Amino acid sequence: MRIYRAKDYDAMSRKAANIISAQVLIKPDCVLGLATGSTPIGTYRELVERYHQGDLDFSETTTVNLDEYKGLPRDNGQSYYYFMDQHLFSKVNINKDRTFLPDGMESDSDVACQKYNDIIHSVGGIDLQLLGLGHNGHIGFNEPGSTYEKETHCITLSERTIQANMRFFASEKDVPRQAYTMGVKTIMSARKILILVSGEDKADIVKTAFFGPVTPQVPASILQLHNDVVLIADEAALSKCPNIPQA
Ligand code: F6R
């Protein structure tokens, strides 16, 4: 695992955008695995800016997102499709027919997950998977205790994740209780993984996940076993880790 210490959130976002830009430049028809949440917003902003400057072209790129809430339609302001459209898809020249998320409105979980696995396989797998890190060590919606063997599956959100996501909803009861998520197996099959972490509130989990033992109780710890992972974290997130020089 290569670890970059960034001064702050903006520096982290710029470095992340550099890596994603390099991927798109080297292989314009690449498959990007994308994430939602607060962490990658700055990275998407950077990518949009580079697109407007004429430095990036997404016309041949395919994207597959990590996850989607079950039961939320695409036009619901809290759906992950809506988030991606708002922060990236509607702002660059990506072909929307090549942007994929699990279908939150498919009520049959087996059908939804099988369809999504088929899509990921049919596009040839993921070249670069972008990840954020949950406070409990989750990646995608793979919560502590998740098996490493699953591809896309339906999960029930942990209480901690419901609480963390509540900030985006009118009230706690509006937070969906289930989601479709790529499994750890899908994530680990990506050829390259880029994980971003920002903020002091993630300092404990960064240390546990990347400097502690590999265990299903901390899903992100499995990333230590992937052969091409880049972690970009800001100083606050790395404040409890061994000294890592700033890059
Ligand atoms: C998002 C996702 C989640 C988030 C994680 C961190 O698609 O799958 O695993 O990456 O919960 O969220 P933020 O960035 O909001 O702290």
# chains A, B, ... in the order shown; residues from 1 in each chain; ligands from 1
>>> residues_around(residues="Val123 in chain A", least_positions_apart="3", cutoff="9 Å", atoms="only C-alpha atoms", output="list of chain:residue names")
A:Val31, A:Thr62, A:Asp118, A:Ile119, A:Ile120, A:Ile126
>>> residues_near_ligand(ligand="ligand 1", cutoff="10 Å", atoms="only C-alpha atoms and all ligand atoms", output="ChimeraX atom specification")
/A:33-41,65-69,80,83-84,130-143,161,164-165,167-168,179-182,195-199,201-202,220
>>> select_by_dssp(residues="range 30-147 of chain A", states="alpha helix (DSSP H)", output="number ranges by chain")
A: 41-52, 80-87, 109-122
>>> closest_residue(among="A:Gln86, A:Thr43, A:Ser158, A:Gln129", to="Ala17 in chain A", atoms="only C-alpha atoms")
A:Thr43
>>> select_by_dssp(residues="range 1-246 of chain A", states="strand (DSSP E)", output="ChimeraX atom specification")
/A:2-6,31-34,62-65,67-69,99-100,128-131,153-156,178-181,192-197,229-234
>>> atom_distance(atom1="CA of Thr63 in chain A", atom2="CA of Asp234 in chain A")
25.8 Å
>>> closest_residue(among="A:Lys115, A:Lys7, A:Arg191, A:Lys207", to="Cys241 in chain A", atoms="only C-alpha atoms")
A:Lys207
>>> atom_distance(atom1="CA of His52 in chain A", atom2="CA of Val64 in chain A")
22.6 Å
>>> residues_around(residues="Ala203 in chain A", least_positions_apart="4", cutoff="7 Å", atoms="only C-alpha atoms", output="JSON list (two decimals) with all heavy atoms, in the first residue's frame")
[["chain", "number", "residue", "atom", "x", "y", "z"],
["A", 207, "LYS", "N", -5.87, 4.23, 11.53],
["A", 207, "LYS", "CA", -4.81, 3.47, 12.21],
["A", 207, "LYS", "C", -5.22, 1.99, 12.33],
["A", 207, "LYS", "O", -4.44, 1.09, 12.00],
["A", 207, "LYS", "CB", -4.59, 4.07, 13.60],
["A", 207, "LYS", "CG", -3.46, 3.43, 14.34],
["A", 207, "LYS", "CD", -3.17, 4.18, 15.62],
["A", 207, "LYS", "CE", -2.06, 3.46, 16.37],
["A", 207, "LYS", "NZ", -2.30, 3.43, 17.79],
["A", 236, "ALA", "N", -4.87, 15.36, 9.38],
["A", 236, "ALA", "CA", -5.75, 15.07, 10.50],
["A", 236, "ALA", "C", -6.09, 13.58, 10.57],
["A", 236, "ALA", "O", -6.06, 12.97, 11.63],
["A", 236, "ALA", "CB", -7.02, 15.91, 10.39],
["A", 237, "ALA", "N", -6.37, 12.99, 9.41],
["A", 237, "ALA", "CA", -6.74, 11.57, 9.39],
["A", 237, "ALA", "C", -5.55, 10.68, 9.73],
["A", 237, "ALA", "O", -5.72, 9.57, 10.24],
["A", 237, "ALA", "CB", -7.31, 11.21, 8.02],
["A", 238, "LEU", "N", -4.34, 11.17, 9.44],
["A", 238, "LEU", "CA", -3.14, 10.36, 9.72],
["A", 238, "LEU", "C", -2.50, 10.69, 11.06],
["A", 238, "LEU", "O", -1.44, 10.17, 11.38],
["A", 238, "LEU", "CB", -2.11, 10.58, 8.60],
["A", 238, "LEU", "CG", -2.43, 9.93, 7.25],
["A", 238, "LEU", "CD1", -1.37, 10.32, 6.22],
["A", 238, "LEU", "CD2", -2.50, 8.41, 7.36],
["A", 239, "SER", "N", -3.19, 11.52, 11.85],
["A", 239, "SER", "CA", -2.54, 12.04, 13.06],
["A", 239, "SER", "C", -2.21, 10.96, 14.09],
["A", 239, "SER", "O", -1.38, 11.16, 14.96],
["A", 239, "SER", "CB", -3.39, 13.15, 13.69],
["A", 239, "SER", "OG", -4.69, 12.65, 13.95],
["A", 240, "LYS", "N", -2.84, 9.79, 14.00],
["A", 240, "LYS", "CA", -2.54, 8.74, 14.99],
["A", 240, "LYS", "C", -1.68, 7.62, 14.38],
["A", 240, "LYS", "O", -1.47, 6.58, 15.01],
["A", 240, "LYS", "CB", -3.83, 8.17, 15.54],
["A", 240, "LYS", "CG", -4.62, 9.24, 16.29],
["A", 240, "LYS", "CD", -5.71, 8.71, 17.16],
["A", 240, "LYS", "CE", -6.31, 9.85, 17.97],
["A", 240, "LYS", "NZ", -7.63, 9.57, 18.47]]
>>> residues_around(residues="Gln178 in chain A", least_positions_apart="3", cutoff="6 Å", atoms="only C-alpha atoms", output="ChimeraX atom specification")
/A:70,155-157
>>> write_last_selection(atoms="N, CA and C atoms", output="compact mmCIF listing (two decimals), in the first residue's frame")
# COMPACT_ATOMS: atom_id res chain seq x y z
N LYS A 70 -31.58 0.89 -1.31
CA LYS A 70 -32.72 0.14 -1.83
C LYS A 70 -33.99 0.93 -1.56
N ILE A 155 -27.65 -5.34 1.80
CA ILE A 155 -27.27 -5.33 3.21
C ILE A 155 -28.27 -4.49 4.03
N THR A 156 -28.28 -4.77 5.30
CA THR A 156 -29.04 -3.94 6.24
C THR A 156 -28.04 -3.01 6.91
N LEU A 157 -28.29 -1.71 6.86
CA LEU A 157 -27.35 -0.74 7.40
C LEU A 157 -27.20 -0.89 8.92
>>> residues_around(residues="Ala16 in chain A", least_positions_apart="6", cutoff="10 Å", atoms="only C-alpha atoms", output="PyMOL selection string")
chain A and resi 4+10+22+40+42-44+46-47+130+194-196+230-233
>>> write_last_selection(atoms="all heavy atoms", output="CSV table (one decimal), in the first residue's frame")
chain,number,residue,atom,x,y,z
A,4,TYR,N,0.0,8.4,0.8
A,4,TYR,CA,0.3,9.8,0.6
A,4,TYR,C,-0.3,10.6,1.7
A,4,TYR,O,-1.5,10.5,1.9
A,4,TYR,CB,-0.2,10.3,-0.7
A,4,TYR,CG,0.6,9.8,-1.9
A,4,TYR,CD1,-0.1,9.1,-2.9
A,4,TYR,CD2,1.9,10.0,-2.1
A,4,TYR,CE1,0.6,8.6,-4.0
A,4,TYR,CE2,2.6,9.5,-3.2
A,4,TYR,CZ,1.9,8.8,-4.1
A,4,TYR,OH,2.6,8.3,-5.2
A,10,ASP,N,-8.3,19.7,0.6
A,10,ASP,CA,-8.2,20.2,-0.8
A,10,ASP,C,-6.9,19.5,-1.4
A,10,ASP,O,-7.0,19.1,-2.6
A,10,ASP,CB,-8.0,21.7,-0.9
A,10,ASP,CG,-9.3,22.4,-0.6
A,10,ASP,OD1,-10.4,21.7,-0.7
A,10,ASP,OD2,-9.3,23.6,-0.2
A,22,ALA,N,-4.9,10.6,-14.5
A,22,ALA,CA,-3.9,9.8,-15.2
A,22,ALA,C,-4.5,8.5,-15.7
A,22,ALA,O,-4.2,8.1,-16.9
A,22,ALA,CB,-2.8,9.4,-14.2
A,40,PRO,N,-15.3,12.2,-1.5
A,40,PRO,CA,-14.9,12.4,-2.8
A,40,PRO,C,-15.4,13.7,-3.5
A,40,PRO,O,-15.1,14.0,-4.7
A,40,PRO,CB,-15.4,11.2,-3.6
A,40,PRO,CG,-16.5,10.7,-2.8
A,40,PRO,CD,-16.4,11.2,-1.4
A,42,GLY,N,-14.7,16.9,-3.3
A,42,GLY,CA,-13.6,17.8,-3.8
A,42,GLY,C,-12.9,17.1,-5.0
A,42,GLY,O,-12.5,17.9,-5.9
A,43,THR,N,-12.8,15.8,-5.0
A,43,THR,CA,-12.1,15.2,-6.1
A,43,THR,C,-13.0,15.3,-7.4
A,43,THR,O,-12.4,15.6,-8.4
A,43,THR,CB,-12.0,13.7,-5.8
A,43,THR,OG1,-11.2,13.5,-4.5
A,43,THR,CG2,-11.2,12.9,-6.9
A,44,TYR,N,-14.3,15.1,-7.2
A,44,TYR,CA,-15.1,15.3,-8.4
A,44,TYR,C,-15.1,16.8,-8.9
A,44,TYR,O,-15.0,17.0,-10.1
A,44,TYR,CB,-16.6,14.9,-8.1
A,44,TYR,CG,-16.7,13.4,-7.8
A,44,TYR,CD1,-17.6,12.9,-6.8
A,44,TYR,CD2,-15.9,12.5,-8.4
A,44,TYR,CE1,-17.7,11.6,-6.5
A,44,TYR,CE2,-16.0,11.1,-8.2
A,44,TYR,CZ,-16.9,10.7,-7.2
A,44,TYR,OH,-17.0,9.3,-6.9
A,46,GLU,N,-12.6,18.8,-8.7
A,46,GLU,CA,-11.3,18.9,-9.4
A,46,GLU,C,-11.4,18.3,-10.8
A,46,GLU,O,-10.9,18.9,-11.8
A,46,GLU,CB,-10.2,18.2,-8.7
A,46,GLU,CG,-9.7,18.9,-7.5
A,46,GLU,CD,-8.7,20.0,-7.9
A,46,GLU,OE1,-8.0,20.0,-8.9
A,46,GLU,OE2,-8.7,21.0,-7.1
A,47,LEU,N,-12.0,17.2,-10.9
A,47,LEU,CA,-12.2,16.5,-12.2
A,47,LEU,C,-13.0,17.3,-13.2
A,47,LEU,O,-12.7,17.5,-14.4
A,47,LEU,CB,-12.8,15.1,-12.1
A,47,LEU,CG,-11.9,14.1,-11.3
A,47,LEU,CD1,-12.7,12.8,-11.1
A,47,LEU,CD2,-10.6,13.8,-12.1
A,130,LEU,N,-12.4,3.9,-6.6
A,130,LEU,CA,-12.3,5.0,-5.6
A,130,LEU,C,-13.1,4.6,-4.4
A,130,LEU,O,-14.3,4.1,-4.5
A,130,LEU,CB,-12.9,6.3,-6.2
A,130,LEU,CG,-12.9,7.5,-5.4
A,130,LEU,CD1,-11.5,7.9,-4.9
A,130,LEU,CD2,-13.6,8.7,-6.1
A,194,LEU,N,-8.0,3.2,-5.0
A,194,LEU,CA,-7.6,4.5,-4.4
A,194,LEU,C,-8.6,4.8,-3.3
A,194,LEU,O,-9.8,5.0,-3.5
A,194,LEU,CB,-7.8,5.6,-5.5
A,194,LEU,CG,-7.6,7.1,-5.1
A,194,LEU,CD1,-6.2,7.3,-4.5
A,194,LEU,CD2,-7.8,8.0,-6.4
A,195,ILE,N,-8.1,4.9,-2.1
A,195,ILE,CA,-8.9,5.2,-0.9
A,195,ILE,C,-8.6,6.5,-0.3
A,195,ILE,O,-7.4,6.8,-0.1
A,195,ILE,CB,-8.9,4.0,0.1
A,195,ILE,CG1,-9.9,4.4,1.3
A,195,ILE,CG2,-7.6,3.6,0.6
A,195,ILE,CD1,-10.4,3.2,2.1
A,196,LEU,N,-9.6,7.3,-0.1
A,196,LEU,CA,-9.4,8.7,0.4
A,196,LEU,C,-9.9,8.8,1.9
A,196,LEU,O,-11.0,8.3,2.1
A,196,LEU,CB,-10.1,9.7,-0.4
A,196,LEU,CG,-9.9,9.6,-1.9
A,196,LEU,CD1,-10.7,10.7,-2.6
A,196,LEU,CD2,-8.4,9.8,-2.2
A,230,VAL,N,-3.6,2.7,-3.3
A,230,VAL,CA,-3.1,4.0,-2.9
A,230,VAL,C,-4.0,4.6,-1.8
A,230,VAL,O,-5.2,4.7,-2.1
A,230,VAL,CB,-2.9,5.0,-4.1
A,230,VAL,CG1,-2.5,6.4,-3.6
A,230,VAL,CG2,-2.0,4.5,-5.1
A,231,LEU,N,-3.5,5.0,-0.7
A,231,LEU,CA,-4.3,5.7,0.3
A,231,LEU,C,-3.8,7.1,0.3
A,231,LEU,O,-2.6,7.4,0.5
A,231,LEU,CB,-4.0,5.0,1.7
A,231,LEU,CG,-4.4,5.9,2.9
A,231,LEU,CD1,-5.9,6.1,3.0
A,231,LEU,CD2,-3.9,5.2,4.2
A,232,ILE,N,-4.7,8.0,0.1
A,232,ILE,CA,-4.4,9.5,0.3
A,232,ILE,C,-5.2,10.0,1.5
A,232,ILE,O,-6.5,9.9,1.5
A,232,ILE,CB,-4.8,10.3,-1.0
A,232,ILE,CG1,-4.2,9.7,-2.2
A,232,ILE,CG2,-4.3,11.7,-0.8
A,232,ILE,CD1,-4.5,10.4,-3.5
A,233,ALA,N,-4.5,10.4,2.5
A,233,ALA,CA,-5.2,10.9,3.7
A,233,ALA,C,-4.6,12.3,4.1
A,233,ALA,O,-3.4,12.5,3.8
A,233,ALA,CB,-5.1,9.9,4.8
>>> residues_around(residues="range 209-217 of chain A", least_positions_apart="2", cutoff="9 Å", atoms="only C-alpha atoms", output="list in words")
Met1, Asn136, Gly137, Glu143, Pro144, Gly145, Ser146, Thr147, Tyr148, Asp204, Ile205, Val206, Lys207, Pro219, Ala220, Ser221, Ile222, Leu223, Gln224, Leu225, Cys241 and Pro242 of chain A
>>> residues_around(residues="Val48 in chain A", least_positions_apart="2", cutoff="12 Å", atoms="only C-alpha atoms", output="list in words")
Arg14, Ala17, Ile20, Ser21, Ile41, Gly42, Thr43, Tyr44, Arg45, Glu46, Arg50, Tyr51, His52, Gln53, Gly54, Asp55, Leu56, Asp57, Phe58, Asp85, Gln86, His87, Leu88, Phe89, Ser90, Lys91, Val92, Asn93 and Ile94 of chain A
>>> decode(residues="range 93-108 of chain A", atoms="all heavy atoms", output="compact mmCIF listing (two decimals), in the first residue's frame")
# COMPACT_ATOMS: atom_id res chain seq x y z
N ASN A 93 -18.42 15.29 -20.00
CA ASN A 93 -18.98 14.72 -21.24
C ASN A 93 -19.08 13.20 -21.20
O ASN A 93 -18.84 12.53 -22.21
CB ASN A 93 -18.13 15.15 -22.44
CG ASN A 93 -16.72 14.57 -22.39
OD1 ASN A 93 -16.23 14.25 -21.30
ND2 ASN A 93 -16.07 14.47 -23.52
N ILE A 94 -19.42 12.67 -20.03
CA ILE A 94 -19.55 11.22 -19.94
C ILE A 94 -20.86 10.79 -20.62
O ILE A 94 -21.85 11.52 -20.59
CB ILE A 94 -19.49 10.75 -18.47
CG1 ILE A 94 -19.13 9.28 -18.38
CG2 ILE A 94 -20.78 11.06 -17.72
CD1 ILE A 94 -18.50 8.89 -17.06
N ASN A 95 -20.83 9.62 -21.25
CA ASN A 95 -22.03 9.06 -21.85
C ASN A 95 -22.85 8.42 -20.71
O ASN A 95 -22.43 7.42 -20.14
CB ASN A 95 -21.61 8.01 -22.89
CG ASN A 95 -22.79 7.29 -23.50
OD1 ASN A 95 -23.94 7.47 -23.08
ND2 ASN A 95 -22.51 6.46 -24.49
N LYS A 96 -24.01 9.00 -20.41
CA LYS A 96 -24.77 8.52 -19.24
C LYS A 96 -25.20 7.07 -19.37
O LYS A 96 -25.48 6.41 -18.38
CB LYS A 96 -25.95 9.43 -18.96
CG LYS A 96 -25.51 10.75 -18.34
CD LYS A 96 -26.66 11.47 -17.68
CE LYS A 96 -26.23 12.87 -17.29
NZ LYS A 96 -27.31 13.65 -16.73
N ASP A 97 -25.26 6.57 -20.62
CA ASP A 97 -25.59 5.16 -20.80
C ASP A 97 -24.47 4.25 -20.29
O ASP A 97 -24.64 3.05 -20.19
CB ASP A 97 -25.82 4.84 -22.28
CG ASP A 97 -27.08 5.53 -22.80
OD1 ASP A 97 -27.93 5.92 -21.96
OD2 ASP A 97 -27.19 5.70 -24.03
N ARG A 98 -23.32 4.86 -20.03
CA ARG A 98 -22.21 4.06 -19.53
C ARG A 98 -21.90 4.37 -18.05
O ARG A 98 -20.81 4.14 -17.57
CB ARG A 98 -20.96 4.30 -20.39
CG ARG A 98 -21.18 3.95 -21.87
CD ARG A 98 -19.91 3.52 -22.55
NE ARG A 98 -19.32 2.36 -21.92
CZ ARG A 98 -19.72 1.10 -22.11
NH1 ARG A 98 -20.72 0.83 -22.91
NH2 ARG A 98 -19.12 0.11 -21.48
N THR A 99 -22.88 4.93 -17.35
CA THR A 99 -22.73 5.17 -15.91
C THR A 99 -23.68 4.23 -15.17
O THR A 99 -24.89 4.29 -15.39
CB THR A 99 -23.05 6.64 -15.54
OG1 THR A 99 -24.41 6.92 -15.87
CG2 THR A 99 -22.13 7.61 -16.25
N PHE A 100 -23.14 3.39 -14.35
CA PHE A 100 -23.96 2.35 -13.73
C PHE A 100 -23.93 2.43 -12.19
O PHE A 100 -22.89 2.70 -11.59
CB PHE A 100 -23.46 0.96 -14.15
CG PHE A 100 -23.51 0.74 -15.63
CD1 PHE A 100 -22.35 0.84 -16.41
CD2 PHE A 100 -24.71 0.44 -16.28
CE1 PHE A 100 -22.38 0.64 -17.79
CE2 PHE A 100 -24.75 0.25 -17.65
CZ PHE A 100 -23.59 0.35 -18.40
N LEU A 101 -25.10 2.22 -11.62
CA LEU A 101 -25.24 2.03 -10.17
C LEU A 101 -26.21 0.87 -10.00
O LEU A 101 -27.02 0.60 -10.90
CB LEU A 101 -25.86 3.26 -9.49
CG LEU A 101 -25.00 4.51 -9.32
CD1 LEU A 101 -25.11 5.41 -10.53
CD2 LEU A 101 -25.43 5.28 -8.08
N PRO A 102 -26.19 0.21 -8.83
CA PRO A 102 -27.24 -0.80 -8.60
C PRO A 102 -28.61 -0.13 -8.71
O PRO A 102 -28.75 1.06 -8.42
CB PRO A 102 -26.97 -1.25 -7.16
CG PRO A 102 -25.55 -0.90 -6.88
CD PRO A 102 -25.27 0.34 -7.69
N ASP A 103 -29.59 -0.90 -9.16
CA ASP A 103 -30.94 -0.36 -9.35
C ASP A 103 -31.70 -0.39 -8.02
O ASP A 103 -32.25 -1.42 -7.63
CB ASP A 103 -31.66 -1.19 -10.42
CG ASP A 103 -33.07 -0.69 -10.68
OD1 ASP A 103 -33.48 0.31 -10.05
OD2 ASP A 103 -33.76 -1.31 -11.52
N GLY A 104 -31.74 0.76 -7.35
CA GLY A 104 -32.39 0.85 -6.04
C GLY A 104 -33.87 0.55 -6.08
O GLY A 104 -34.48 0.22 -5.06
N MET A 105 -34.47 0.68 -7.26
CA MET A 105 -35.92 0.46 -7.36
C MET A 105 -36.27 -0.99 -7.72
O MET A 105 -37.45 -1.32 -7.84
CB MET A 105 -36.53 1.41 -8.40
CG MET A 105 -36.51 2.87 -7.92
SD MET A 105 -37.18 3.04 -6.25
CE MET A 105 -38.92 2.89 -6.61
N GLU A 106 -35.27 -1.82 -7.88
CA GLU A 106 -35.55 -3.25 -8.09
C GLU A 106 -35.77 -3.87 -6.71
O GLU A 106 -34.84 -3.94 -5.89
CB GLU A 106 -34.36 -3.91 -8.81
CG GLU A 106 -34.44 -5.42 -8.92
CD GLU A 106 -35.71 -5.91 -9.61
OE1 GLU A 106 -35.84 -5.72 -10.82
OE2 GLU A 106 -36.59 -6.49 -8.90
N SER A 107 -37.01 -4.28 -6.44
CA SER A 107 -37.31 -4.75 -5.08
C SER A 107 -36.82 -6.17 -4.83
O SER A 107 -36.64 -6.58 -3.69
CB SER A 107 -38.81 -4.65 -4.82
OG SER A 107 -39.49 -5.37 -5.82
N ASP A 108 -36.60 -6.92 -5.91
CA ASP A 108 -36.07 -8.28 -5.74
C ASP A 108 -34.55 -8.18 -5.63
O ASP A 108 -33.85 -7.93 -6.62
CB ASP A 108 -36.50 -9.13 -6.94
CG ASP A 108 -36.07 -10.59 -6.77
OD1 ASP A 108 -35.00 -10.84 -6.18
OD2 ASP A 108 -36.81 -11.47 -7.25
